[in-house]
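Here is the file my_file-v5.cif (mmCIF, C-alpha atoms).
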data_my_file
#
loop_
_atom_site.group_PDB
_atom_site.id
_atom_site.type_symbol
_atom_site.label_atom_id
_atom_site.label_comp_id
_atom_site.auth_asym_id
_atom_site.auth_seq_id
_atom_site.Cartn_x
_atom_site.Cartn_y
_atom_site.Cartn_z
ATOM 1 C CA MET A 1 7.134 -15.181 -13.781
ATOM 2 C CA SER A 2 8.794 -18.454 -14.576
ATOM 3 C CA GLN A 3 12.540 -18.598 -14.215
ATOM 4 C CA LEU A 4 13.592 -17.736 -17.746
ATOM 5 C CA PRO A 5 16.932 -19.010 -19.059
ATOM 6 C CA ALA A 6 19.828 -16.690 -18.319
ATOM 7 C CA GLU A 7 23.526 -16.966 -17.622
ATOM 8 C CA ASP A 8 24.627 -16.988 -13.992
ATOM 9 C CA PRO A 9 25.844 -13.628 -12.682
ATOM 10 C CA VAL A 10 29.547 -13.233 -11.983
ATOM 11 C CA LEU A 11 31.445 -11.331 -9.322
ATOM 12 C CA GLY A 12 32.994 -8.104 -10.484
ATOM 13 C CA ASP A 13 35.735 -5.934 -9.044
ATOM 14 C CA ALA A 14 34.712 -4.276 -5.776
ATOM 15 C CA ARG A 15 37.522 -1.751 -6.286
ATOM 16 C CA SER A 16 38.633 0.259 -3.296
ATOM 17 C CA CYS A 17 35.294 1.303 -1.838
ATOM 18 C CA GLU A 18 35.280 -0.006 1.732
ATOM 19 C CA ALA A 19 31.485 0.128 1.986
ATOM 20 C CA ILE A 20 30.967 -2.388 -0.816
ATOM 21 C CA GLU A 21 31.187 -6.090 -0.063
ATOM 22 C CA LYS A 22 30.529 -7.460 -3.562
ATOM 23 C CA VAL A 23 29.918 -6.261 -7.087
ATOM 24 C CA ILE A 24 27.768 -8.666 -9.091
ATOM 25 C CA VAL A 25 27.632 -8.372 -12.867
ATOM 26 C CA PRO A 26 24.588 -10.027 -14.448
ATOM 27 C CA ARG A 27 25.054 -11.658 -17.820
ATOM 28 C CA SER A 28 22.561 -10.755 -20.502
ATOM 29 C CA HIS A 29 20.532 -13.471 -22.214
ATOM 30 C CA ASP A 30 18.581 -12.820 -25.416
ATOM 31 C CA LEU A 31 15.190 -14.519 -25.360
ATOM 32 C CA GLY A 32 14.259 -13.585 -28.914
ATOM 33 C CA GLY A 33 12.610 -10.221 -28.579
ATOM 34 C CA PHE A 34 13.892 -9.097 -25.203
ATOM 35 C CA GLN A 35 16.858 -9.541 -22.908
ATOM 36 C CA VAL A 36 17.037 -10.702 -19.296
ATOM 37 C CA ARG A 37 19.817 -9.767 -16.884
ATOM 38 C CA ARG A 38 19.886 -11.890 -13.726
ATOM 39 C CA ALA A 39 21.536 -10.347 -10.635
ATOM 40 C CA LEU A 40 20.406 -12.951 -8.070
ATOM 41 C CA PRO A 41 21.103 -15.684 -7.190
ATOM 42 C CA ALA A 42 24.843 -15.402 -7.814
ATOM 43 C CA ILE A 43 27.825 -17.495 -6.805
ATOM 44 C CA GLY A 44 28.846 -16.288 -3.354
ATOM 45 C CA GLN A 45 25.656 -14.215 -2.937
ATOM 46 C CA ARG A 46 22.504 -16.294 -2.931
ATOM 47 C CA MET A 47 20.272 -13.694 -1.278
ATOM 48 C CA VAL A 48 20.024 -10.097 -0.065
ATOM 49 C CA GLY A 49 17.584 -10.128 2.832
ATOM 50 C CA PRO A 50 14.662 -12.202 1.532
ATOM 51 C CA PHE A 51 15.454 -11.357 -2.122
ATOM 52 C CA ILE A 52 16.466 -14.630 -3.760
ATOM 53 C CA PHE A 53 15.845 -13.875 -7.431
ATOM 54 C CA PHE A 54 16.247 -10.581 -9.302
ATOM 55 C CA ASP A 55 15.847 -10.178 -13.073
ATOM 56 C CA GLN A 56 15.882 -7.088 -15.249
ATOM 57 C CA MET A 57 13.527 -7.533 -18.208
ATOM 58 C CA GLY A 58 14.256 -5.393 -21.269
ATOM 59 C CA PRO A 59 14.090 -2.625 -22.304
ATOM 60 C CA ALA A 60 12.420 -4.171 -25.336
ATOM 61 C CA GLU A 61 10.048 -3.242 -28.117
ATOM 62 C CA PHE A 62 8.125 -6.057 -29.777
ATOM 63 C CA HIS A 63 6.794 -6.150 -33.323
ATOM 64 C CA LEU A 64 3.094 -5.558 -33.837
ATOM 65 C CA GLY A 65 1.109 -8.603 -32.756
ATOM 66 C CA GLU A 66 3.969 -9.999 -30.657
ATOM 67 C CA GLY A 67 4.734 -9.748 -26.951
ATOM 68 C CA LEU A 68 5.517 -11.617 -23.756
ATOM 69 C CA ASP A 69 4.041 -15.109 -23.497
ATOM 70 C CA VAL A 70 4.939 -16.857 -20.251
ATOM 71 C CA ARG A 71 2.624 -19.864 -20.107
ATOM 72 C CA PRO A 72 1.055 -21.099 -16.841
ATOM 73 C CA HIS A 73 3.653 -22.391 -14.398
ATOM 74 C CA PRO A 74 3.809 -23.128 -10.636
ATOM 75 C CA HIS A 75 5.483 -21.543 -7.609
ATOM 76 C CA ILE A 76 5.880 -22.519 -3.953
ATOM 77 C CA GLY A 77 7.536 -20.910 -0.930
ATOM 78 C CA LEU A 78 7.982 -17.385 -2.294
ATOM 79 C CA SER A 79 6.371 -14.092 -3.170
ATOM 80 C CA THR A 80 6.865 -12.546 -6.593
ATOM 81 C CA VAL A 81 7.047 -8.782 -6.999
ATOM 82 C CA THR A 82 6.581 -7.404 -10.515
ATOM 83 C CA TYR A 83 7.513 -3.745 -11.067
ATOM 84 C CA LEU A 84 7.487 -2.130 -14.504
ATOM 85 C CA PHE A 85 9.102 1.023 -15.863
ATOM 86 C CA ASP A 86 7.422 0.694 -19.264
ATOM 87 C CA GLY A 87 4.912 -1.616 -20.938
ATOM 88 C CA GLU A 88 2.141 -3.755 -19.533
ATOM 89 C CA ILE A 89 1.767 -7.400 -18.448
ATOM 90 C CA MET A 90 -1.505 -9.282 -18.075
ATOM 91 C CA HIS A 91 -1.383 -11.467 -14.965
ATOM 92 C CA ARG A 92 -3.686 -14.460 -14.502
ATOM 93 C CA ASP A 93 -3.463 -17.006 -11.699
ATOM 94 C CA SER A 94 -5.149 -20.063 -10.239
ATOM 95 C CA LEU A 95 -6.987 -17.898 -7.685
ATOM 96 C CA GLY A 96 -8.986 -16.433 -10.563
ATOM 97 C CA THR A 97 -7.072 -13.146 -10.686
ATOM 98 C CA ALA A 98 -6.960 -11.429 -14.086
ATOM 99 C CA LEU A 99 -5.279 -8.035 -13.882
ATOM 100 C CA ALA A 100 -2.932 -5.925 -15.997
ATOM 101 C CA ILE A 101 0.106 -4.485 -14.248
ATOM 102 C CA LYS A 102 1.271 -1.089 -15.465
ATOM 103 C CA PRO A 103 4.355 1.072 -14.731
ATOM 104 C CA GLY A 104 4.749 2.139 -11.115
ATOM 105 C CA ALA A 105 2.225 -0.370 -9.763
ATOM 106 C CA VAL A 106 3.053 -3.485 -7.732
ATOM 107 C CA ASN A 107 1.779 -7.027 -8.110
ATOM 108 C CA LEU A 108 2.598 -9.062 -4.987
ATOM 109 C CA MET A 109 1.776 -12.723 -5.499
ATOM 110 C CA THR A 110 2.364 -15.008 -2.514
ATOM 111 C CA ALA A 111 2.709 -18.618 -3.614
ATOM 112 C CA GLY A 112 2.802 -20.226 -0.164
ATOM 113 C CA ARG A 113 1.891 -23.909 -0.543
ATOM 114 C CA GLY A 114 1.306 -23.489 -4.269
ATOM 115 C CA ILE A 115 -0.018 -21.228 -7.018
ATOM 116 C CA VAL A 116 -0.019 -21.252 -10.819
ATOM 117 C CA HIS A 117 0.077 -18.121 -12.971
ATOM 118 C CA SER A 118 0.750 -16.826 -16.458
ATOM 119 C CA GLU A 119 2.110 -13.508 -17.675
ATOM 120 C CA ARG A 120 1.390 -12.315 -21.179
ATOM 121 C CA THR A 121 1.122 -9.159 -23.226
ATOM 122 C CA GLY A 122 -2.570 -8.312 -23.642
ATOM 123 C CA MET A 123 -4.216 -8.237 -27.057
ATOM 124 C CA GLU A 124 -4.770 -4.468 -26.977
ATOM 125 C CA ALA A 125 -1.110 -3.810 -26.185
ATOM 126 C CA ARG A 126 0.023 -6.209 -28.935
ATOM 127 C CA ALA A 127 -1.858 -4.129 -31.487
ATOM 128 C CA SER A 128 0.183 -1.006 -30.720
ATOM 129 C CA GLY A 129 3.766 -2.300 -30.666
ATOM 130 C CA PRO A 130 4.202 -3.446 -27.057
ATOM 131 C CA LYS A 131 7.135 -2.636 -24.807
ATOM 132 C CA LEU A 132 8.623 -4.417 -21.813
ATOM 133 C CA TYR A 133 10.956 -2.890 -19.242
ATOM 134 C CA GLY A 134 11.026 -3.710 -15.558
ATOM 135 C CA ILE A 135 12.134 -5.908 -12.702
ATOM 136 C CA GLN A 136 10.931 -9.347 -11.656
ATOM 137 C CA ALA A 137 11.944 -10.146 -8.061
ATOM 138 C CA TRP A 138 11.260 -13.160 -5.860
ATOM 139 C CA LEU A 139 11.314 -12.997 -2.066
ATOM 140 C CA ALA A 140 11.700 -16.166 -0.021
ATOM 141 C CA LEU A 141 8.968 -16.579 2.565
ATOM 142 C CA PRO A 142 9.970 -17.152 6.199
ATOM 143 C CA LYS A 143 9.673 -20.772 7.315
ATOM 144 C CA SER A 144 6.507 -19.932 9.259
ATOM 145 C CA HIS A 145 4.807 -18.816 6.011
ATOM 146 C CA GLU A 146 6.094 -21.291 3.430
ATOM 147 C CA GLU A 147 2.834 -23.280 3.482
ATOM 148 C CA VAL A 148 0.290 -20.465 3.820
ATOM 149 C CA ALA A 149 -2.651 -20.186 1.445
ATOM 150 C CA PRO A 150 -1.717 -18.447 -1.814
ATOM 151 C CA GLU A 151 -2.683 -14.798 -2.198
ATOM 152 C CA PHE A 152 -2.531 -12.002 -4.757
ATOM 153 C CA VAL A 153 -2.499 -8.293 -3.865
ATOM 154 C CA HIS A 154 -2.288 -5.384 -6.309
ATOM 155 C CA HIS A 155 -1.177 -1.876 -5.336
ATOM 156 C CA GLY A 156 -1.646 0.911 -7.874
ATOM 157 C CA ALA A 157 1.124 3.460 -8.365
ATOM 158 C CA PRO A 158 -0.720 6.231 -6.435
ATOM 159 C CA MET A 159 -0.777 3.973 -3.350
ATOM 160 C CA LEU A 160 3.014 3.897 -3.025
ATOM 161 C CA PRO A 161 4.800 6.632 -1.031
ATOM 162 C CA ARG A 162 6.830 8.939 -3.255
ATOM 163 C CA ILE A 163 9.645 11.185 -2.068
ATOM 164 C CA VAL A 164 10.610 14.000 -4.438
ATOM 165 C CA GLU A 165 13.460 16.266 -3.382
ATOM 166 C CA GLY A 166 16.980 17.329 -4.277
ATOM 167 C CA GLY A 167 16.938 15.970 -7.827
ATOM 168 C CA LYS A 168 15.672 12.540 -6.839
ATOM 169 C CA ARG A 169 12.335 10.742 -7.072
ATOM 170 C CA ILE A 170 11.953 7.702 -4.828
ATOM 171 C CA SER A 171 9.047 5.259 -5.010
ATOM 172 C CA LEU A 172 8.910 3.103 -1.883
ATOM 173 C CA ILE A 173 7.722 -0.352 -2.960
ATOM 174 C CA MET A 174 8.218 -2.312 0.270
ATOM 175 C CA GLY A 175 9.411 -1.568 3.788
ATOM 176 C CA SER A 176 10.228 1.723 5.504
ATOM 177 C CA ALA A 177 12.753 4.387 4.528
ATOM 178 C CA TYR A 178 13.105 8.162 4.199
ATOM 179 C CA GLY A 179 10.415 8.714 6.819
ATOM 180 C CA GLN A 180 7.790 6.765 4.863
ATOM 181 C CA SER A 181 6.326 3.235 4.980
ATOM 182 C CA SER A 182 4.928 1.266 2.062
ATOM 183 C CA PRO A 183 1.447 -0.298 2.290
ATOM 184 C CA VAL A 184 2.835 -3.466 0.619
ATOM 185 C CA LYS A 185 2.991 -6.041 3.409
ATOM 186 C CA PHE A 186 5.482 -8.911 3.601
ATOM 187 C CA PRO A 187 6.039 -11.221 6.604
ATOM 188 C CA TRP A 188 9.777 -10.488 6.886
ATOM 189 C CA GLU A 189 11.735 -7.258 7.222
ATOM 190 C CA ALA A 190 12.384 -6.140 3.640
ATOM 191 C CA LEU A 191 13.229 -2.957 1.759
ATOM 192 C CA TYR A 192 12.517 -2.353 -1.916
ATOM 193 C CA ALA A 193 12.488 0.997 -3.692
ATOM 194 C CA GLU A 194 13.037 2.672 -7.058
ATOM 195 C CA ALA A 195 15.128 5.843 -7.182
ATOM 196 C CA VAL A 196 15.387 8.053 -10.260
ATOM 197 C CA LEU A 197 18.303 10.459 -9.883
ATOM 198 C CA SER A 198 19.248 13.586 -11.792
ATOM 199 C CA PRO A 199 22.971 14.245 -12.385
ATOM 200 C CA GLY A 200 24.517 15.481 -9.147
ATOM 201 C CA ALA A 201 21.731 14.151 -6.905
ATOM 202 C CA ILE A 202 22.765 12.289 -3.761
ATOM 203 C CA LEU A 203 20.823 9.268 -2.527
ATOM 204 C CA PRO A 204 21.526 8.420 1.149
ATOM 205 C CA LEU A 205 21.109 4.833 2.309
ATOM 206 C CA ASP A 206 20.967 4.369 6.066
ATOM 207 C CA PRO A 207 22.003 1.115 7.809
ATOM 208 C CA ASP A 208 18.438 0.355 8.937
ATOM 209 C CA TYR A 209 18.642 -3.166 7.474
ATOM 210 C CA ASP A 210 21.591 -5.537 7.911
ATOM 211 C CA GLU A 211 21.606 -6.579 4.260
ATOM 212 C CA ARG A 212 21.402 -3.906 1.555
ATOM 213 C CA ALA A 213 22.228 -3.564 -2.113
ATOM 214 C CA ILE A 214 21.471 -1.373 -5.094
ATOM 215 C CA TYR A 215 20.972 -2.511 -8.655
ATOM 216 C CA ILE A 216 21.892 0.108 -11.265
ATOM 217 C CA VAL A 217 19.251 -0.134 -13.969
ATOM 218 C CA SER A 218 20.575 2.769 -16.037
ATOM 219 C CA GLY A 219 23.090 5.597 -15.771
ATOM 220 C CA LYS A 220 26.219 5.805 -13.642
ATOM 221 C CA VAL A 221 26.774 6.436 -9.935
ATOM 222 C CA ASP A 222 29.720 7.346 -7.721
ATOM 223 C CA ILE A 223 30.280 5.815 -4.273
ATOM 224 C CA ALA A 224 33.257 7.094 -2.270
ATOM 225 C CA GLY A 225 35.105 8.077 -5.451
ATOM 226 C CA ASP A 226 34.488 4.874 -7.421
ATOM 227 C CA GLU A 227 32.120 4.887 -10.390
ATOM 228 C CA PHE A 228 29.727 2.062 -11.255
ATOM 229 C CA GLY A 229 27.599 1.700 -14.364
ATOM 230 C CA ALA A 230 24.347 0.111 -15.432
ATOM 231 C CA GLY A 231 23.805 -3.602 -14.978
ATOM 232 C CA GLN A 232 25.655 -4.032 -11.675
ATOM 233 C CA LEU A 233 24.399 -5.132 -8.263
ATOM 234 C CA LEU A 234 26.393 -3.513 -5.454
ATOM 235 C CA VAL A 235 26.117 -5.372 -2.145
ATOM 236 C CA PHE A 236 27.012 -3.226 0.858
ATOM 237 C CA LYS A 237 28.606 -4.156 4.150
ATOM 238 C CA PRO A 238 26.323 -3.820 7.181
ATOM 239 C CA GLY A 239 26.506 -0.833 9.481
ATOM 240 C CA ASP A 240 27.681 1.934 7.150
ATOM 241 C CA ARG A 241 25.637 4.883 5.935
ATOM 242 C CA ILE A 242 26.072 5.059 2.174
ATOM 243 C CA SER A 243 25.926 8.126 -0.073
ATOM 244 C CA ILE A 244 25.218 7.406 -3.747
ATOM 245 C CA LEU A 245 26.025 10.251 -6.157
ATOM 246 C CA ALA A 246 24.430 10.221 -9.605
ATOM 247 C CA VAL A 247 27.049 10.964 -12.253
ATOM 248 C CA ASP A 248 24.473 10.744 -15.058
ATOM 249 C CA GLN A 249 20.689 10.561 -15.144
ATOM 250 C CA SER A 250 20.265 7.257 -13.325
ATOM 251 C CA ARG A 251 17.717 4.735 -12.132
ATOM 252 C CA VAL A 252 18.613 2.405 -9.254
ATOM 253 C CA MET A 253 16.664 -0.202 -7.326
ATOM 254 C CA ILE A 254 17.281 -0.477 -3.582
ATOM 255 C CA VAL A 255 16.895 -3.974 -2.119
ATOM 256 C CA GLY A 256 17.502 -5.273 1.373
ATOM 257 C CA GLY A 257 16.203 -6.692 4.584
ATOM 258 C CA GLU A 258 17.144 -8.763 7.573
ATOM 259 C CA PRO A 259 19.042 -12.055 7.070
ATOM 260 C CA MET A 260 16.664 -14.953 6.450
ATOM 261 C CA ASP A 261 15.887 -17.651 9.010
ATOM 262 C CA GLY A 262 18.168 -20.185 7.375
ATOM 263 C CA PRO A 263 19.276 -21.092 3.843
ATOM 264 C CA ARG A 264 16.877 -21.694 0.972
ATOM 265 C CA HIS A 265 16.843 -24.208 -1.847
ATOM 266 C CA ILE A 266 15.831 -22.921 -5.264
ATOM 267 C CA TRP A 267 15.022 -25.123 -8.237
ATOM 268 C CA TRP A 268 13.215 -23.817 -11.322
ATOM 269 C CA ASN A 269 10.206 -21.900 -9.885
ATOM 270 C CA PHE A 270 10.262 -23.516 -6.447
ATOM 271 C CA VAL A 271 11.803 -22.067 -3.271
ATOM 272 C CA SER A 272 11.835 -23.848 0.093
ATOM 273 C CA SER A 273 13.860 -24.413 3.242
ATOM 274 C CA SER A 274 13.329 -28.141 2.567
ATOM 275 C CA GLN A 275 14.744 -30.031 -0.398
ATOM 276 C CA GLU A 276 12.112 -32.713 0.178
ATOM 277 C CA ARG A 277 9.357 -30.117 -0.272
ATOM 278 C CA ILE A 278 10.809 -29.130 -3.629
ATOM 279 C CA GLU A 279 10.859 -32.778 -4.722
ATOM 280 C CA GLN A 280 7.209 -33.023 -3.693
ATOM 281 C CA ALA A 281 6.343 -29.912 -5.741
ATOM 282 C CA LYS A 282 8.080 -31.403 -8.775
ATOM 283 C CA GLN A 283 5.891 -34.485 -8.600
ATOM 284 C CA GLU A 284 2.745 -32.450 -7.998
ATOM 285 C CA TRP A 285 3.351 -30.379 -11.135
ATOM 286 C CA LYS A 286 4.363 -33.387 -13.192
ATOM 287 C CA THR A 287 1.197 -35.284 -12.240
ATOM 288 C CA GLY A 288 -1.201 -32.351 -12.622
ATOM 289 C CA ARG A 289 -2.041 -31.796 -8.954
ATOM 290 C CA PHE A 290 -1.674 -28.007 -9.031
ATOM 291 C CA ASP A 291 -4.726 -25.864 -9.785
ATOM 292 C CA THR A 292 -5.221 -24.474 -13.290
ATOM 293 C CA VAL A 293 -5.496 -20.837 -14.388
ATOM 294 C CA PRO A 294 -9.051 -19.805 -15.358
ATOM 295 C CA GLY A 295 -9.026 -18.281 -18.827
ATOM 296 C CA ASP A 296 -5.539 -19.636 -19.577
ATOM 297 C CA ASP A 297 -5.723 -23.402 -19.054
ATOM 298 C CA LYS A 298 -4.977 -24.707 -22.558
ATOM 299 C CA GLU A 299 -1.205 -24.854 -22.209
ATOM 300 C CA PHE A 300 1.501 -24.873 -19.552
ATOM 301 C CA ILE A 301 5.262 -24.972 -19.054
ATOM 302 C CA PRO A 302 6.318 -28.592 -18.461
ATOM 303 C CA LEU A 303 8.650 -29.597 -15.649
ATOM 304 C CA PRO A 304 12.265 -29.207 -16.843
ATOM 305 C CA GLU A 305 14.206 -32.422 -17.297
ATOM 306 C CA GLY A 306 17.121 -33.130 -14.974
#
As structure tokens:
Amino acid sequence: MSQLPAEDPVLGDARSCEAIEKVIVPRSHDLGGFQVRRALPAIGQRMVGPFIFFDQMGPAEFHLGEGLDVRPHPHIGLSTVTYLFDGEIMHRDSLGTALAIKPGAVNLMTAGRGIVHSERTGMEARASGPKLYGIQAWLALPKSHEEVAPEFVHHGAPMLPRIVEGGKRISLIMGSAYGQSSPVKFPWEALYAEAVLSPGAILPLDPDYDERAIYIVSGKVDIAGDEFGAGQLLVFKPGDRISILAVDQSRVMIVGGEPMDGPRHIWWNFVSSSQERIEQAKQEWKTGRFDTVPGDDKEFIPLPEG
């Protein structure tokens, strides 16, 4: 997805919990039909593992005939991971992919040296009062993979490991945890999972990755006696085993991974370890040197000014 306008996240109060390094509070931005809450990048916390961009979309219900319309736009140097709780998005890209993503499935699009895609609500969904609720995440590619050929891989919900026990349901999107490994492959150590927790359920989080965080999508959780509510990204210190207690019915996203191989520049939809490469991508998009999207090549998002 293109980087939609949203206010920068702000740092919250970490309170007394020694396991928490930062609390990031995304600001909500109304895009006329649905809201976006951006947790990353934030001032003082640009990334968690390879995760460099993290948006909550919705929950939203559109009027009949309306829906999401993100016109074709480019990416370089990253992989996008789209994960929905409700609704449906039709993905089309310059590789010729045309596929609807539905709740619980994963679309992993690797931009590498350059890809163009669009994301829209399909005509059938528009006719029934479409919904939109989910997470759009970007992962920076390691330097060795920033210029690979673009690729798109879809994993249906039944392909993802699911752990159901003790009042919790965990869907493992990427990486390894809880004795399971996801089939979603990424060329850097990364962890990504959805956990739905009943009141009183405890979600353990081992220190298997140096950088870890949880984003509270809904509900309220307790960590070492401190309570945290929906719309907060809690970044943990390395080395501690964390226990997350659900105070209410809750949904949290677990993100993490190993520290990246150097800082990343991010501008609009471009991510790279090289500022010069981003300047090159700007010119390539401005002068029409990216590929077009078959079946959706009549319009595009122009390069932002400035």
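Nearest-residue note for Pro187 of chain A: choosing from A:Gly219, A:Gly112, A:Pro161, A:Gly295, the minimum distance belongs to A:Gly112, counting all atoms listed in the file.
Residues matched by the PyMOL selection byres ((chain A and resi 87) around 9) in this file: A:Glu61, A:Leu84, A:Phe85, A:Asp86, A:Glu88, A:Ile89, A:Ile101, A:Lys102, A:Pro103, A:Thr121, A:Ala125, A:Pro130, A:Lys131, A:Leu132, A:Tyr133, A:Gly134.
Distances from A:Ala281, A:Ile254, A:Val148, A:Leu141 to Ala177 of chain A were compared using all atoms listed in the file, and the smallest one belongs to A:Ile254.
Atom CA of Ala39 of chain A to atom CA of Gly200 of chain A spans 26.0 Å [interatomic distance, one decimal].
Separating atom CA of Pro183 of chain A from atom CA of Phe270 of chain A is a distance of 26.3 Å.
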Apply the PyMOL selection byres ((chain A and resi 266) around 10) to the structure shown and report the selected residues as a PDB file with C-alpha atoms, in the frame of the given file.
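Output below, filename expr-v8.pdb:
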ATOM      1  CA  PRO A  41      21.103 -15.684  -7.190  1.00  0.00           C
ATOM      2  CA  ARG A  46      22.504 -16.294  -2.931  1.00  0.00           C
ATOM      3  CA  ILE A  52      16.466 -14.630  -3.760  1.00  0.00           C
ATOM      4  CA  PHE A  53      15.845 -13.875  -7.431  1.00  0.00           C
ATOM      5  CA  GLY A  77       7.536 -20.910  -0.930  1.00  0.00           C
ATOM      6  CA  ALA A 140      11.700 -16.166  -0.021  1.00  0.00           C
ATOM      7  CA  PRO A 263      19.276 -21.092   3.843  1.00  0.00           C
ATOM      8  CA  ARG A 264      16.877 -21.694   0.972  1.00  0.00           C
ATOM      9  CA  HIS A 265      16.843 -24.208  -1.847  1.00  0.00           C
ATOM     10  CA  TRP A 267      15.022 -25.123  -8.237  1.00  0.00           C
ATOM     11  CA  TRP A 268      13.215 -23.817 -11.322  1.00  0.00           C
ATOM     12  CA  ASN A 269      10.206 -21.900  -9.885  1.00  0.00           C
ATOM     13  CA  PHE A 270      10.262 -23.516  -6.447  1.00  0.00           C
ATOM     14  CA  VAL A 271      11.803 -22.067  -3.271  1.00  0.00           C
ATOM     15  CA  SER A 272      11.835 -23.848   0.093  1.00  0.00           C
ATOM     16  CA  SER A 273      13.860 -24.413   3.242  1.00  0.00           C
ATOM     17  CA  SER A 274      13.329 -28.141   2.567  1.00  0.00           C
ATOM     18  CA  GLN A 275      14.744 -30.031  -0.398  1.00  0.00           C
ATOM     19  CA  ILE A 278      10.809 -29.130  -3.629  1.00  0.00           C
TER      20      ILE A 278
END
Could you list, as an MDAnalysis selection string, every residue matched by the PyMOL selection byres ((chain A and resi 293) around 6) in this structure? chainID A and resid 93:94 292 294 296:297
Selection near Tyr178 of chain A, 10 Å with only C-alpha atoms, sequence-local residues under 5 positions removed, as a list of chain:residue names: A:Pro161, A:Arg162, A:Ile163, A:Ile170, A:Leu172, A:Pro204, A:Leu205, A:Asp206
For the selection just defined, write its residues with C-alpha atoms to a file, as a PDB file, in the coordinates of the input.
ATOM      1  CA  PRO A 161       4.800   6.632  -1.031  1.00  0.00           C
ATOM      2  CA  ARG A 162       6.830   8.939  -3.255  1.00  0.00           C
ATOM      3  CA  ILE A 163       9.645  11.185  -2.068  1.00  0.00           C
ATOM      4  CA  ILE A 170      11.953   7.702  -4.828  1.00  0.00           C
ATOM      5  CA  LEU A 172       8.910   3.103  -1.883  1.00  0.00           C
ATOM      6  CA  PRO A 204      21.526   8.420   1.149  1.00  0.00           C
ATOM      7  CA  LEU A 205      21.109   4.833   2.309  1.00  0.00           C
ATOM      8  CA  ASP A 206      20.967   4.369   6.066  1.00  0.00           C
TER       9      ASP A 206
END
In Å and to one decimal, atom CA of Gly256 of chain A is distant from atom CA of Gly225 of chain A by 23.1 Å
Return the padded bounding box of segment 152-158 of chain A as AutoDock Vina command-line options: axis-aligned, built from all atoms listed in the file, 4 Å added on each side, with centre and edge lengths in Å to one decimal.
--center_x -0.7 --center_y -2.9 --center_z -6.1 --size_x 11.7 --size_y 26.2 --size_z 12.5
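Comparing A:Val116, A:Leu64, A:Val196, A:Ala190 by their smallest distance to Phe300 of chain A, the closest is A:Val116 (using all atoms listed in the file).
Restricting the calculation to only C-alpha atoms, the smallest distance between Lys237 of chain A and any of A:Asp222, A:Tyr215, A:Pro207, A:Asp55 is found for A:Pro207.
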Which residue out of A:Pro72, A:Pro142, A:Gly65, A:Gly49 has the minimum interatomic distance to Glu124 of chain A when only C-alpha atoms are used? A:Gly65
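Look at everything within 10 Å of (28.3, 1.8, 0.1) using all atoms listed in the file, and the residues you get are Cys17, Glu18, Ala19, Ile20, Glu21, Pro204, Leu205, Asp206, Pro207, Arg212, Ala213, Ile214, Asp222, Ile223, Ala224, Leu234, Val235, Phe236, Lys237, Pro238, Gly239, Asp240, Arg241, Ile242, Ser243 and Ile244 of chain A.
Candidate residues A:Pro259, A:Gly104, A:Gly114, A:Gly231 were compared for distance to Ala193 of chain A, and the nearest is A:Gly104, using all atoms listed in the file.
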